[in-house]
Structures are given as C-alpha cells and as structure tokens.
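The structure file run13.pdb is reproduced below (PDB, C-alpha atoms, pLDDT in the B column).
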```pdb
ATOM      1  CA  MET A   7      -2.451  -2.113  11.546  1.00 90.00           C
ATOM      2  CA  ILE A   8      -5.599  -0.950   9.785  1.00 95.00           C
ATOM      3  CA  ASN A   9      -8.049  -3.031   7.760  1.00 97.00           C
ATOM      4  CA  VAL A  10      -9.408  -1.576   4.529  1.00 97.00           C
ATOM      5  CA  LEU A  11     -11.964  -2.108   1.784  1.00 97.00           C
ATOM      6  CA  VAL A  12     -11.200  -1.395  -1.874  1.00 97.00           C
ATOM      7  CA  ALA A  13     -14.221  -0.946  -4.171  1.00 96.00           C
ATOM      8  CA  ASP A  14     -13.986  -0.335  -7.912  1.00 96.00           C
ATOM      9  CA  ASP A  15     -16.045  -1.702 -10.804  1.00 94.00           C
ATOM     10  CA  GLU A  16     -12.832  -2.446 -12.732  1.00 94.00           C
ATOM     11  CA  LEU A  17     -11.099  -5.506 -11.286  1.00 95.00           C
ATOM     12  CA  PRO A  18      -7.601  -4.488 -12.503  1.00 95.00           C
ATOM     13  CA  ALA A  19      -7.999  -1.185 -10.618  1.00 95.00           C
ATOM     14  CA  VAL A  20      -9.007  -3.099  -7.483  1.00 96.00           C
ATOM     15  CA  GLU A  21      -5.979  -5.362  -7.745  1.00 96.00           C
ATOM     16  CA  GLU A  22      -3.596  -2.480  -8.449  1.00 96.00           C
ATOM     17  CA  LEU A  23      -4.706  -0.509  -5.395  1.00 96.00           C
ATOM     18  CA  ALA A  24      -4.686  -3.645  -3.239  1.00 96.00           C
ATOM     19  CA  PHE A  25      -1.125  -4.382  -4.415  1.00 96.00           C
ATOM     20  CA  LEU A  26       0.069  -0.881  -3.547  1.00 96.00           C
ATOM     21  CA  LEU A  27      -1.644  -0.934  -0.164  1.00 97.00           C
ATOM     22  CA  ARG A  28      -0.221  -4.360   0.650  1.00 96.00           C
ATOM     23  CA  ARG A  29       3.287  -2.894   0.388  1.00 95.00           C
ATOM     24  CA  ASP A  30       2.568  -0.623   3.345  1.00 96.00           C
ATOM     25  CA  PRO A  31       3.294  -2.459   6.635  1.00 96.00           C
ATOM     26  CA  ARG A  32       0.505  -0.526   8.367  1.00 96.00           C
ATOM     27  CA  ILE A  33      -2.154  -2.201   6.218  1.00 97.00           C
ATOM     28  CA  GLY A  34      -3.734  -5.416   7.509  1.00 96.00           C
ATOM     29  CA  THR A  35      -6.691  -7.123   5.845  1.00 97.00           C
ATOM     30  CA  ILE A  36      -7.723  -5.844   2.400  1.00 97.00           C
ATOM     31  CA  LEU A  37     -11.283  -6.599   1.306  1.00 97.00           C
ATOM     32  CA  ARG A  38     -12.169  -6.289  -2.389  1.00 97.00           C
ATOM     33  CA  ALA A  39     -15.469  -5.370  -4.042  1.00 96.00           C
ATOM     34  CA  THR A  40     -16.352  -4.649  -7.667  1.00 96.00           C
ATOM     35  CA  ASN A  41     -19.661  -2.844  -7.038  1.00 94.00           C
ATOM     36  CA  GLY A  42     -21.502  -0.907  -4.355  1.00 93.00           C
ATOM     37  CA  PRO A  43     -23.892  -3.622  -3.117  1.00 94.00           C
ATOM     38  CA  GLU A  44     -21.018  -6.083  -2.774  1.00 95.00           C
ATOM     39  CA  ALA A  45     -19.073  -3.470  -0.785  1.00 95.00           C
ATOM     40  CA  LEU A  46     -22.028  -2.991   1.581  1.00 94.00           C
ATOM     41  CA  GLU A  47     -22.297  -6.745   2.152  1.00 94.00           C
ATOM     42  CA  LEU A  48     -18.596  -6.975   2.969  1.00 95.00           C
ATOM     43  CA  LEU A  49     -18.788  -4.017   5.342  1.00 93.00           C
ATOM     44  CA  ALA A  50     -21.775  -5.512   7.158  1.00 92.00           C
ATOM     45  CA  ALA A  51     -19.851  -8.711   7.837  1.00 94.00           C
ATOM     46  CA  ASN A  52     -16.348  -7.287   8.205  1.00 93.00           C
ATOM     47  CA  PRO A  53     -15.986  -3.849   9.804  1.00 88.00           C
ATOM     48  CA  VAL A  54     -12.952  -1.992   8.455  1.00 95.00           C
ATOM     49  CA  ASP A  55     -11.059   1.171   9.352  1.00 95.00           C
ATOM     50  CA  ALA A  56     -11.041   2.736   5.884  1.00 95.00           C
ATOM     51  CA  ALA A  57     -12.887   2.381   2.572  1.00 95.00           C
ATOM     52  CA  PHE A  58     -11.176   3.296  -0.706  1.00 96.00           C
ATOM     53  CA  LEU A  59     -14.041   3.930  -3.139  1.00 95.00           C
ATOM     54  CA  ASP A  60     -14.110   4.553  -6.863  1.00 92.00           C
ATOM     55  CA  ILE A  61     -16.604   7.317  -7.591  1.00 89.00           C
ATOM     56  CA  HIS A  62     -17.938   6.129 -10.953  1.00 87.00           C
ATOM     57  CA  MET A  63     -19.405   2.713 -10.158  1.00 89.00           C
ATOM     58  CA  PRO A  64     -22.645   1.738 -11.932  1.00 86.00           C
ATOM     59  CA  GLY A  65     -25.786   1.134  -9.896  1.00 86.00           C
ATOM     60  CA  LEU A  66     -24.427   2.579  -6.662  1.00 90.00           C
ATOM     61  CA  SER A  67     -21.747   5.212  -7.079  1.00 88.00           C
ATOM     62  CA  GLY A  68     -18.903   5.751  -4.662  1.00 88.00           C
ATOM     63  CA  LEU A  69     -20.521   8.987  -3.489  1.00 89.00           C
ATOM     64  CA  GLU A  70     -23.827   7.240  -2.786  1.00 91.00           C
ATOM     65  CA  LEU A  71     -21.994   4.395  -1.085  1.00 92.00           C
ATOM     66  CA  ALA A  72     -20.096   6.841   1.138  1.00 89.00           C
ATOM     67  CA  GLU A  73     -23.355   8.533   2.126  1.00 90.00           C
ATOM     68  CA  ILE A  74     -24.817   5.168   3.198  1.00 92.00           C
ATOM     69  CA  ILE A  75     -21.647   4.200   5.062  1.00 89.00           C
ATOM     70  CA  GLY A  76     -21.629   7.535   6.882  1.00 86.00           C
ATOM     71  CA  ARG A  77     -25.000   6.792   8.517  1.00 86.00           C
ATOM     72  CA  SER A  78     -23.698   3.753  10.358  1.00 83.00           C
ATOM     73  CA  ALA A  79     -22.099   3.697  13.784  1.00 80.00           C
ATOM     74  CA  ASN A  80     -18.302   3.410  13.768  1.00 83.00           C
ATOM     75  CA  ALA A  81     -18.234   4.185  10.054  1.00 87.00           C
ATOM     76  CA  PRO A  82     -14.847   3.756   8.347  1.00 92.00           C
ATOM     77  CA  VAL A  83     -13.034   6.802   7.048  1.00 89.00           C
ATOM     78  CA  VAL A  84     -13.546   7.242   3.308  1.00 90.00           C
ATOM     79  CA  VAL A  85     -10.989   7.854   0.585  1.00 92.00           C
ATOM     80  CA  PHE A  86     -12.219   8.428  -2.965  1.00 89.00           C
ATOM     81  CA  VAL A  87     -10.215   7.109  -5.907  1.00 89.00           C
ATOM     82  CA  THR A  88     -11.103   8.371  -9.385  1.00 85.00           C
ATOM     83  CA  ALA A  89      -9.726   9.213 -12.815  1.00 80.00           C
ATOM     84  CA  ASP A  90     -11.068  12.783 -12.735  1.00 71.00           C
ATOM     85  CA  ASP A  91     -11.190  15.546 -10.172  1.00 66.00           C
ATOM     86  CA  ASP A  92     -14.491  17.245 -10.953  1.00 62.00           C
ATOM     87  CA  ARG A  93     -16.266  15.693  -7.961  1.00 60.00           C
ATOM     88  CA  ALA A  94     -13.785  16.741  -5.284  1.00 60.00           C
ATOM     89  CA  LEU A  95     -16.112  19.250  -3.630  1.00 59.00           C
ATOM     90  CA  GLU A  96     -18.899  16.664  -3.294  1.00 64.00           C
ATOM     91  CA  ALA A  97     -16.377  14.180  -1.926  1.00 62.00           C
ATOM     92  CA  PHE A  98     -15.189  16.450   0.853  1.00 61.00           C
ATOM     93  CA  GLU A  99     -18.738  17.478   1.699  1.00 62.00           C
ATOM     94  CA  LEU A 100     -19.167  13.794   2.574  1.00 62.00           C
ATOM     95  CA  ALA A 101     -16.231  14.129   4.989  1.00 65.00           C
ATOM     96  CA  ALA A 102     -13.804  12.130   2.839  1.00 76.00           C
ATOM     97  CA  VAL A 103     -10.328  12.077   4.306  1.00 81.00           C
ATOM     98  CA  ASP A 104      -8.734  12.264   0.862  1.00 83.00           C
ATOM     99  CA  TYR A 105      -9.316  12.261  -2.892  1.00 83.00           C
ATOM    100  CA  LEU A 106      -6.844  10.226  -4.956  1.00 84.00           C
ATOM    101  CA  LEU A 107      -6.482  10.646  -8.701  1.00 83.00           C
ATOM    102  CA  LYS A 108      -5.667   7.787 -11.044  1.00 86.00           C
ATOM    103  CA  PRO A 109      -3.068   6.763 -12.076  1.00 87.00           C
ATOM    104  CA  LEU A 110      -2.044   6.266  -8.454  1.00 90.00           C
ATOM    105  CA  ARG A 111       1.362   7.360  -7.228  1.00 88.00           C
ATOM    106  CA  ASN A 112       2.929   5.466  -4.360  1.00 89.00           C
ATOM    107  CA  GLU A 113       4.187   8.616  -2.594  1.00 86.00           C
ATOM    108  CA  ARG A 114       0.731  10.169  -2.749  1.00 87.00           C
ATOM    109  CA  LEU A 115      -0.920   6.985  -1.498  1.00 92.00           C
ATOM    110  CA  THR A 116       1.494   6.845   1.432  1.00 92.00           C
ATOM    111  CA  ARG A 117       0.417  10.335   2.508  1.00 87.00           C
ATOM    112  CA  THR A 118      -3.194   9.210   2.358  1.00 90.00           C
ATOM    113  CA  VAL A 119      -2.452   6.200   4.560  1.00 94.00           C
ATOM    114  CA  ASP A 120      -0.687   8.583   6.963  1.00 91.00           C
ATOM    115  CA  ARG A 121      -3.925  10.557   7.292  1.00 87.00           C
ATOM    116  CA  VAL A 122      -6.031   7.435   7.687  1.00 91.00           C
ATOM    117  CA  VAL A 123      -3.774   6.017  10.395  1.00 92.00           C
ATOM    118  CA  GLU A 124      -3.803   9.332  12.267  1.00 87.00           C
ATOM    119  CA  LEU A 125      -7.598   9.556  12.150  1.00 86.00           C
ATOM    120  CA  VAL A 126      -8.065   5.947  13.231  1.00 86.00           C
ATOM    121  CA  ALA A 127      -5.655   6.426  16.145  1.00 85.00           C
ATOM    122  CA  HIS A 128      -7.042   9.818  17.199  1.00 74.00           C
ATOM    123  CA  PRO A 129     -10.617  10.197  15.902  1.00 74.00           C
ATOM    124  CA  ALA A 130     -11.344  13.033  18.329  1.00 63.00           C
ATOM    125  CA  GLN A 131      -8.632  15.119  16.685  1.00 58.00           C
ATOM    126  CA  ALA A 132     -10.225  14.962  13.255  1.00 56.00           C
ATOM    127  CA  ALA A 133     -10.529  18.447  11.816  1.00 54.00           C
ATOM    128  CA  GLU A 134     -12.472  19.726   8.853  1.00 60.00           C
ATOM    129  CA  VAL A 135     -10.295  19.806   5.761  1.00 64.00           C
ATOM    130  CA  GLU A 136      -9.824  23.308   4.390  1.00 77.00           C
ATOM    131  CA  MET A 137     -10.413  23.355   0.647  1.00 77.00           C
ATOM    132  CA  ILE A 138      -9.409  26.002  -1.874  1.00 83.00           C
ATOM    133  CA  THR A 139     -10.622  26.588  -5.418  1.00 81.00           C
ATOM    134  CA  VAL A 140      -7.987  27.017  -8.120  1.00 85.00           C
ATOM    135  CA  ASP A 141      -8.107  27.376 -11.897  1.00 77.00           C
ATOM    136  CA  GLN A 142      -6.077  25.271 -14.288  1.00 74.00           C
ATOM    137  CA  GLY A 143      -6.503  25.276 -18.054  1.00 73.00           C
ATOM    138  CA  GLY A 144      -9.818  27.090 -17.805  1.00 71.00           C
ATOM    139  CA  ILE A 145     -11.193  24.507 -15.346  1.00 70.00           C
ATOM    140  CA  SER A 146     -11.972  25.225 -11.698  1.00 70.00           C
ATOM    141  CA  ARG A 147     -10.584  22.578  -9.350  1.00 76.00           C
ATOM    142  CA  ILE A 148     -10.814  21.934  -5.630  1.00 75.00           C
ATOM    143  CA  ILE A 149      -7.615  21.068  -3.771  1.00 81.00           C
ATOM    144  CA  ARG A 150      -6.720  20.601  -0.115  1.00 83.00           C
ATOM    145  CA  LEU A 151      -4.824  23.425   1.544  1.00 89.00           C
ATOM    146  CA  ASP A 152      -2.643  20.891   3.343  1.00 86.00           C
ATOM    147  CA  GLU A 153      -1.394  19.653  -0.061  1.00 87.00           C
ATOM    148  CA  VAL A 154       0.236  23.037  -0.817  1.00 94.00           C
ATOM    149  CA  ARG A 155       3.984  22.752  -0.167  1.00 94.00           C
ATOM    150  CA  PHE A 156       5.103  26.267  -1.025  1.00 97.00           C
ATOM    151  CA  VAL A 157       3.872  29.410  -2.718  1.00 97.00           C
ATOM    152  CA  GLN A 158       5.759  31.531  -5.225  1.00 97.00           C
ATOM    153  CA  ALA A 159       4.990  35.172  -5.981  1.00 96.00           C
ATOM    154  CA  GLN A 160       4.294  36.072  -9.604  1.00 93.00           C
ATOM    155  CA  GLY A 161       3.418  39.751  -9.676  1.00 90.00           C
ATOM    156  CA  ASP A 162      -0.109  40.264  -8.355  1.00 90.00           C
ATOM    157  CA  TYR A 163      -0.600  36.486  -8.567  1.00 92.00           C
ATOM    158  CA  ALA A 164       0.741  33.576  -6.564  1.00 94.00           C
ATOM    159  CA  ARG A 165       1.610  30.068  -7.750  1.00 95.00           C
ATOM    160  CA  LEU A 166       0.669  27.239  -5.386  1.00 96.00           C
ATOM    161  CA  HIS A 167       2.950  24.215  -5.617  1.00 95.00           C
ATOM    162  CA  THR A 168       1.765  20.732  -4.636  1.00 91.00           C
ATOM    163  CA  ALA A 169       3.506  17.391  -5.170  1.00 85.00           C
ATOM    164  CA  GLU A 170       1.547  16.811  -8.383  1.00 80.00           C
ATOM    165  CA  ALA A 171       1.080  20.230  -9.980  1.00 85.00           C
ATOM    166  CA  SER A 172       1.110  23.998  -9.570  1.00 91.00           C
ATOM    167  CA  TYR A 173      -1.803  26.423  -9.710  1.00 91.00           C
ATOM    168  CA  LEU A 174      -1.914  30.156 -10.349  1.00 91.00           C
ATOM    169  CA  VAL A 175      -4.270  32.153  -8.114  1.00 91.00           C
ATOM    170  CA  ARG A 176      -5.096  35.836  -8.362  1.00 90.00           C
ATOM    171  CA  ILE A 177      -3.996  36.959  -4.925  1.00 92.00           C
ATOM    172  CA  PRO A 178      -0.747  38.632  -3.762  1.00 93.00           C
ATOM    173  CA  LEU A 179       1.734  36.624  -1.715  1.00 95.00           C
ATOM    174  CA  ALA A 180       1.467  39.084   1.183  1.00 93.00           C
ATOM    175  CA  GLU A 181      -2.267  38.389   1.483  1.00 94.00           C
ATOM    176  CA  LEU A 182      -1.732  34.627   1.532  1.00 94.00           C
ATOM    177  CA  GLU A 183       0.942  35.110   4.196  1.00 94.00           C
ATOM    178  CA  LYS A 184      -1.713  36.644   6.459  1.00 94.00           C
ATOM    179  CA  GLN A 185      -4.461  34.163   5.624  1.00 93.00           C
ATOM    180  CA  TRP A 186      -2.355  31.018   5.968  1.00 94.00           C
ATOM    181  CA  ALA A 187      -0.139  31.900   8.936  1.00 90.00           C
ATOM    182  CA  ASP A 188      -2.188  29.609  11.199  1.00 89.00           C
ATOM    183  CA  SER A 189      -1.831  26.750   8.700  1.00 89.00           C
ATOM    184  CA  GLY A 190       1.946  26.518   9.081  1.00 90.00           C
ATOM    185  CA  PHE A 191       3.042  28.824   6.246  1.00 94.00           C
ATOM    186  CA  ILE A 192       5.862  31.281   6.880  1.00 94.00           C
ATOM    187  CA  ARG A 193       7.623  33.848   4.712  1.00 94.00           C
ATOM    188  CA  ILE A 194      11.198  32.877   3.803  1.00 94.00           C
ATOM    189  CA  HIS A 195      11.824  35.318   0.952  1.00 95.00           C
ATOM    190  CA  ARG A 196      10.069  38.200  -0.746  1.00 94.00           C
ATOM    191  CA  SER A 197       8.987  35.679  -3.395  1.00 96.00           C
ATOM    192  CA  TYR A 198       8.246  32.589  -1.300  1.00 97.00           C
ATOM    193  CA  LEU A 199       6.024  31.201   1.432  1.00 96.00           C
ATOM    194  CA  VAL A 200       6.731  27.684   2.634  1.00 95.00           C
ATOM    195  CA  CYS A 201       4.676  25.199   4.634  1.00 94.00           C
ATOM    196  CA  MET A 202       6.974  24.031   7.420  1.00 91.00           C
ATOM    197  CA  ALA A 203       5.375  20.575   7.411  1.00 88.00           C
ATOM    198  CA  PHE A 204       7.001  19.897   4.027  1.00 90.00           C
ATOM    199  CA  VAL A 205      10.468  21.245   4.789  1.00 89.00           C
ATOM    200  CA  THR A 206      13.010  18.423   4.448  1.00 88.00           C
ATOM    201  CA  GLY A 207      16.244  20.379   4.892  1.00 87.00           C
ATOM    202  CA  LEU A 208      17.693  23.744   5.923  1.00 85.00           C
ATOM    203  CA  LYS A 209      21.000  25.373   5.033  1.00 87.00           C
ATOM    204  CA  LEU A 210      20.931  28.573   7.033  1.00 79.00           C
ATOM    205  CA  SER A 211      24.643  29.066   7.639  1.00 74.00           C
ATOM    206  CA  ALA A 212      25.634  28.961   3.975  1.00 70.00           C
ATOM    207  CA  ALA A 213      26.478  32.027   1.900  1.00 81.00           C
ATOM    208  CA  LYS A 214      23.129  31.580   0.194  1.00 88.00           C
ATOM    209  CA  PRO A 215      20.654  30.117   2.744  1.00 91.00           C
ATOM    210  CA  THR A 216      18.147  27.664   1.308  1.00 92.00           C
ATOM    211  CA  VAL A 217      15.193  25.551   2.367  1.00 91.00           C
ATOM    212  CA  SER A 218      14.565  22.158   0.773  1.00 92.00           C
ATOM    213  CA  VAL A 219      10.998  21.143  -0.005  1.00 93.00           C
ATOM    214  CA  GLY A 220      11.163  17.808  -1.752  1.00 87.00           C
ATOM    215  CA  SER A 221      13.439  18.294  -4.751  1.00 89.00           C
ATOM    216  CA  ALA A 222      13.034  22.091  -4.719  1.00 93.00           C
ATOM    217  CA  ALA A 223      15.696  24.297  -3.093  1.00 93.00           C
ATOM    218  CA  LEU A 224      14.122  27.649  -2.195  1.00 94.00           C
ATOM    219  CA  PRO A 225      16.107  30.796  -1.370  1.00 94.00           C
ATOM    220  CA  VAL A 226      15.942  32.285   2.127  1.00 93.00           C
ATOM    221  CA  SER A 227      16.373  35.999   2.689  1.00 93.00           C
ATOM    222  CA  ARG A 228      18.814  36.970   5.449  1.00 89.00           C
ATOM    223  CA  ARG A 229      16.057  38.852   7.256  1.00 89.00           C
ATOM    224  CA  HIS A 230      14.024  35.623   7.546  1.00 90.00           C
ATOM    225  CA  VAL A 231      16.824  33.362   8.789  1.00 89.00           C
ATOM    226  CA  THR A 232      16.161  34.173  12.451  1.00 87.00           C
ATOM    227  CA  VAL A 233      12.523  33.106  12.238  1.00 85.00           C
ATOM    228  CA  LEU A 234      13.508  29.856  10.548  1.00 84.00           C
ATOM    229  CA  ARG A 235      16.121  29.143  13.214  1.00 83.00           C
ATOM    230  CA  GLU A 236      13.496  29.656  15.906  1.00 84.00           C
ATOM    231  CA  ARG A 237      11.113  27.265  14.166  1.00 80.00           C
ATOM    232  CA  LEU A 238      13.923  24.727  13.847  1.00 76.00           C
ATOM    233  CA  GLU A 239      14.823  24.960  17.537  1.00 75.00           C
ATOM    234  CA  ALA A 240      11.175  24.550  18.524  1.00 77.00           C
ATOM    235  CA  THR A 241      11.088  21.124  16.828  1.00 73.00           C
ATOM    236  CA  ARG A 242      14.462  19.877  18.114  1.00 69.00           C
ATOM    237  CA  VAL A 243      14.374  16.752  20.288  1.00 59.00           C
ATOM    238  CA  ARG A 244      15.824  17.358  23.748  1.00 62.00           C
ATOM    239  CA  PRO A 245      16.284  15.144  26.836  1.00 71.00           C
ATOM    240  CA  GLN A 246      13.633  15.495  29.500  1.00 68.00           C
ATOM    241  CA  LYS A 247      14.678  17.269  32.678  1.00 63.00           C
TER     242      LYS A 247
END
```

Before anything else, please render the file you have as structure tokens.
Amino acid sequence: MINVLVADDELPAVEELAFLLRRDPRIGTILRATNGPEALELLAANPVDAAFLDIHMPGLSGLELAEIIGRSANAPVVVFVTADDDRALEAFELAAVDYLLKPLRNERLTRTVDRVVELVAHPAQAAEVEMITVDQGGISRIIRLDEVRFVQAQGDYARLHTAEASYLVRIPLAELEKQWADSGFIRIHRSYLVCMAFVTGLKLSAAKPTVSVGSAALPVSRRHVTVLRERLEATRVRPQK
C-alpha cells in the first residue's frame, strides 16, 4: 500500500482524482490540498510515497512545489496532473515519474500507479525516463518513449501509437528499429515495430499471424515469426529444476 498527496487549486479536481485513486487497492491514505503551502504543511506532518500535483496552482505552482519537495530527504515521487501538455519537458527535468493530462482516464492512471509502486518498492532501480519530441497540429510535444506501443511505417515517416494518440515523426521505420532495439521494440512486419511490453496476444500459427496490442491486431510477416516465438518462449513460466 502506498500513501499519496493530491494537490490542486480546484476542489472538484482534488475529489475526482482522490475518488479514482481510492478505487485502486494499492492506495492507502490520500491527503488533500488545494494550494502549495497547504501541501507543504501536510507533507511535513505526514510523509507520503507519492505526490500528485496540479501544475497551475496560484502562489506556488506544482513545478515550484516539486522543486521544494525534491530537496528533502526521502522525498516522495512526483506525478504532475494538468489540463495542458506544454510543460512536460520541465516536469521531467524535475524527475517526475509521470505527467497526466486532464480529463483523467482510469486506464492511464492505473499505469501511473504501476510506475509509482515499482519505484517505491525498488528505488535503486529508478532509471531516467527517455523523452522524445513529436509534432502534432503544428505544436511540439514531449512524450515518454515507454508510452509508445507500436510504430507504423508511412513512407519516409513513422507514426508512433500510444494509448491516447498517434504522432507522425520524420524518420524511417528502419532507423527507429536500430535506435529503439534496446527499449524492447522489435520488427514484426515491413510496416510495423512493436514494443513487446504492450503485446497482449499472439496468433503465430494462423494463416495470417497477428500480434495484439490493446485493441489493435497487427500483421506479422512469416520471416519474423521465429523471432517472436523466441521472445515468447523466453517469457514462459517454467518449473524450477
């Protein structure tokens, strides 16, 4: 069980996030604050494992609050919650574990809690989050590499698919295959790379092999079936000898 703080200058937003967090059995005590100074007072009296901070709070913003929290010993991990994504780079420079966009989605929040629980349980294993810049509608955005589920070739471009959206980047699929091999991405088709962490199903013996990533069924070329089988066998649970 982890204890958390929720800080947002809008009380309905505080209550909504607290309600969603309360539904997760891994969440223990939930402290609530409606401004930065109140959050600091609560943290001084009640150490928590994670702080969910709204960025745009008057007086003391979530970014400023995170910077103050980060100076203390045994600081909680920080998750930013905001209605816009133009401060993502600043957020991750402050070592935030995640950056949630409003309106909140339960599936997305669950993945954030997964990360928080993992970091609390194994703080020594914390690794720097790799960020990538993408363009969408003429706006440059920062997203986490570990949010990319699969990549689809589109000529000299590649489309990155996350749970929430897709982003077109000007780089060939073959180049991304080389760059992201160590991040769990493998080639399954001339037009697709897939992150094995998001694979939910495999049909490799069918006439048309496919890989399931969420609700998407991606084609698998015959020449890539062997590699996928090897990856599948490597993750199979076996009795100890």

Using all atoms listed in the file, which of A:Ile36, A:Tyr173, A:Gly68, A:Ser221 sits nearest Ser146 of chain A? A:Tyr173

What are the centre and edge lengths in Å, to one decimal, of the axis-aligned box around all listed atoms of segment 210-217 of chain A with 3 Å added on each side, as JSON?
```
{"center_x": 20.8, "center_y": 28.8, "center_z": 3.9, "size_x": 17.3, "size_y": 12.5, "size_z": 13.4}
```

Contact residues around segment 11-27 of chain A with only C-alpha atoms at 10 Å, ignoring same-chain residues under 6 positions, as a short mmCIF file (atom, residue, chain, number, x, y, z; two decimals) with C-alpha atoms, in the coordinates of the input:
```cif
data_model
loop_
_atom_site.label_atom_id
_atom_site.label_comp_id
_atom_site.auth_asym_id
_atom_site.auth_seq_id
_atom_site.Cartn_x
_atom_site.Cartn_y
_atom_site.Cartn_z
CA ILE A 33 -2.15 -2.20 6.22
CA GLY A 34 -3.73 -5.42 7.51
CA THR A 35 -6.69 -7.12 5.84
CA ILE A 36 -7.72 -5.84 2.40
CA LEU A 37 -11.28 -6.60 1.31
CA ARG A 38 -12.17 -6.29 -2.39
CA ALA A 39 -15.47 -5.37 -4.04
CA THR A 40 -16.35 -4.65 -7.67
CA ASN A 41 -19.66 -2.84 -7.04
CA GLY A 42 -21.50 -0.91 -4.36
CA GLU A 44 -21.02 -6.08 -2.77
CA ALA A 45 -19.07 -3.47 -0.78
CA LEU A 46 -22.03 -2.99 1.58
CA LEU A 48 -18.60 -6.98 2.97
CA LEU A 49 -18.79 -4.02 5.34
CA ASN A 52 -16.35 -7.29 8.20
CA PRO A 53 -15.99 -3.85 9.80
CA VAL A 54 -12.95 -1.99 8.46
CA ASP A 55 -11.06 1.17 9.35
CA ALA A 56 -11.04 2.74 5.88
CA ALA A 57 -12.89 2.38 2.57
CA PHE A 58 -11.18 3.30 -0.71
CA LEU A 59 -14.04 3.93 -3.14
CA ASP A 60 -14.11 4.55 -6.86
CA ILE A 61 -16.60 7.32 -7.59
CA HIS A 62 -17.94 6.13 -10.95
CA MET A 63 -19.40 2.71 -10.16
CA PRO A 64 -22.64 1.74 -11.93
CA SER A 67 -21.75 5.21 -7.08
CA GLY A 68 -18.90 5.75 -4.66
CA LEU A 71 -21.99 4.39 -1.08
CA PRO A 82 -14.85 3.76 8.35
CA VAL A 84 -13.55 7.24 3.31
CA VAL A 85 -10.99 7.85 0.58
CA PHE A 86 -12.22 8.43 -2.96
CA VAL A 87 -10.22 7.11 -5.91
CA THR A 88 -11.10 8.37 -9.38
CA LYS A 108 -5.67 7.79 -11.04
CA PRO A 109 -3.07 6.76 -12.08
CA LEU A 110 -2.04 6.27 -8.45
CA ARG A 111 1.36 7.36 -7.23
CA ASN A 112 2.93 5.47 -4.36
CA LEU A 115 -0.92 6.98 -1.50
CA THR A 116 1.49 6.84 1.43
CA VAL A 119 -2.45 6.20 4.56
#
```

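Comparing A:Ala72, A:Val123, A:Val83, A:Ile192 by their smallest distance to Pro31 of chain A, the closest is A:Val123 (using all atoms listed in the file).
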
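In this model, the gap between atom CA of Arg121 of chain A and atom CA of Leu179 of chain A comes to 28.2 Å.
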
Using all atoms listed in the file, collect all residues at a distance of at most 12 Å from (-5.9, 30.3, 7.9) as written in the file, then present them as a PyMOL selection string. chain A and resi 135-138+151-152+181-192

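Closest approach to Arg193 of chain A among A:Ile75, A:Thr139, A:Val231, A:Arg176 is made by A:Val231 (distances from only C-alpha atoms).
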
How would you write, as an MDAnalysis selection string, the residues chosen by the PyMOL selection byres ((chain A and resi 178) around 6) on this structure? chainID A and resid 162:164 177 179:181

I need the output of the PyMOL selection byres ((chain A and resi 226) around 12) for this file as number ranges by chain; which residues are they? A: 192-200, 208-218, 223-225, 227-235

In the coordinate frame of the file, compute which residues have an atom within 9 Å of (6.5, 22.3, 13.5) when using all atoms listed in the file, and state them as a PDB file with C-alpha atoms, in the frame of the given file.
```pdb
ATOM      1  CA  GLY A 190       1.946  26.518   9.081  1.00 90.00           C
ATOM      2  CA  MET A 202       6.974  24.031   7.420  1.00 91.00           C
ATOM      3  CA  ALA A 203       5.375  20.575   7.411  1.00 88.00           C
ATOM      4  CA  ARG A 237      11.113  27.265  14.166  1.00 80.00           C
ATOM      5  CA  LEU A 238      13.923  24.727  13.847  1.00 76.00           C
ATOM      6  CA  ALA A 240      11.175  24.550  18.524  1.00 77.00           C
ATOM      7  CA  THR A 241      11.088  21.124  16.828  1.00 73.00           C
TER       8      THR A 241
END
```

In Å and to one decimal, atom CA of Ala127 of chain A is distant from atom CA of Asn9 of chain A by 12.9 Å

Counting all atoms listed in the file, which of A:Asp90, A:Glu236, A:Asp141, A:Glu153 gets nearest to Val175 of chain A?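 Smallest distance to Val175 of chain A is found for A:Asp141.
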
Name the residues in contact with Val154 of chain A at a cut-off of 9 Å, using only C-alpha atoms, excluding same-chain residues fewer than 5 positions from it; report them as a ChimeraX atom specification. /A:149,166-169,172,200-201,204

Rounded to one decimal place, report the atom CA of Leu106 of chain A-atom CA of Val157 of chain A distance in Å. 22.1 Å

With distances taken over all atoms listed in the file, which of A:Leu69, A:Leu174, A:Ile74, A:Ala89 is nearest to Ala102 of chain A? A:Leu69

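Between Met7 of chain A and the candidates A:Val122, A:Leu66, A:Ser78, A:Ala171, the tightest atom-to-atom separation, counting all atoms listed in the file, involves A:Val122.
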
Can you take the partial segment 157-164 of chain A, add N, CA, C and O atoms, and return it as a PDB file, keeping the file's coordinate frame?
```
ATOM      1  N   VAL A 157       4.549  28.433  -1.869  1.00 97.00           N
ATOM      2  CA  VAL A 157       3.872  29.410  -2.718  1.00 97.00           C
ATOM      3  C   VAL A 157       4.911  30.374  -3.269  1.00 97.00           C
ATOM      4  O   VAL A 157       5.790  30.847  -2.541  1.00 97.00           O
ATOM      5  N   GLN A 158       4.800  30.663  -4.545  1.00 97.00           N
ATOM      6  CA  GLN A 158       5.759  31.531  -5.225  1.00 97.00           C
ATOM      7  C   GLN A 158       5.051  32.762  -5.775  1.00 97.00           C
ATOM      8  O   GLN A 158       4.002  32.654  -6.418  1.00 97.00           O
ATOM      9  N   ALA A 159       5.593  33.934  -5.486  1.00 96.00           N
ATOM     10  CA  ALA A 159       4.990  35.172  -5.981  1.00 96.00           C
ATOM     11  C   ALA A 159       5.225  35.323  -7.479  1.00 96.00           C
ATOM     12  O   ALA A 159       6.315  35.034  -7.980  1.00 96.00           O
ATOM     13  N   GLN A 160       4.190  35.757  -8.175  1.00 93.00           N
ATOM     14  CA  GLN A 160       4.294  36.072  -9.604  1.00 93.00           C
ATOM     15  C   GLN A 160       3.481  37.331  -9.862  1.00 93.00           C
ATOM     16  O   GLN A 160       2.331  37.274 -10.283  1.00 93.00           O
ATOM     17  N   GLY A 161       4.103  38.473  -9.540  1.00 90.00           N
ATOM     18  CA  GLY A 161       3.418  39.751  -9.676  1.00 90.00           C
ATOM     19  C   GLY A 161       2.272  39.850  -8.688  1.00 90.00           C
ATOM     20  O   GLY A 161       2.443  39.616  -7.490  1.00 90.00           O
ATOM     21  N   ASP A 162       1.076  40.195  -9.204  1.00 90.00           N
ATOM     22  CA  ASP A 162      -0.109  40.264  -8.355  1.00 90.00           C
ATOM     23  C   ASP A 162      -0.749  38.892  -8.159  1.00 90.00           C
ATOM     24  O   ASP A 162      -1.800  38.777  -7.529  1.00 90.00           O
ATOM     25  N   TYR A 163      -0.111  37.845  -8.697  1.00 92.00           N
ATOM     26  CA  TYR A 163      -0.600  36.486  -8.567  1.00 92.00           C
ATOM     27  C   TYR A 163       0.334  35.689  -7.657  1.00 92.00           C
ATOM     28  O   TYR A 163       1.418  36.145  -7.280  1.00 92.00           O
ATOM     29  N   ALA A 164      -0.100  34.493  -7.328  1.00 94.00           N
ATOM     30  CA  ALA A 164       0.741  33.576  -6.564  1.00 94.00           C
ATOM     31  C   ALA A 164       0.570  32.189  -7.159  1.00 94.00           C
ATOM     32  O   ALA A 164      -0.540  31.807  -7.561  1.00 94.00           O
TER      33      ALA A 164
END
```
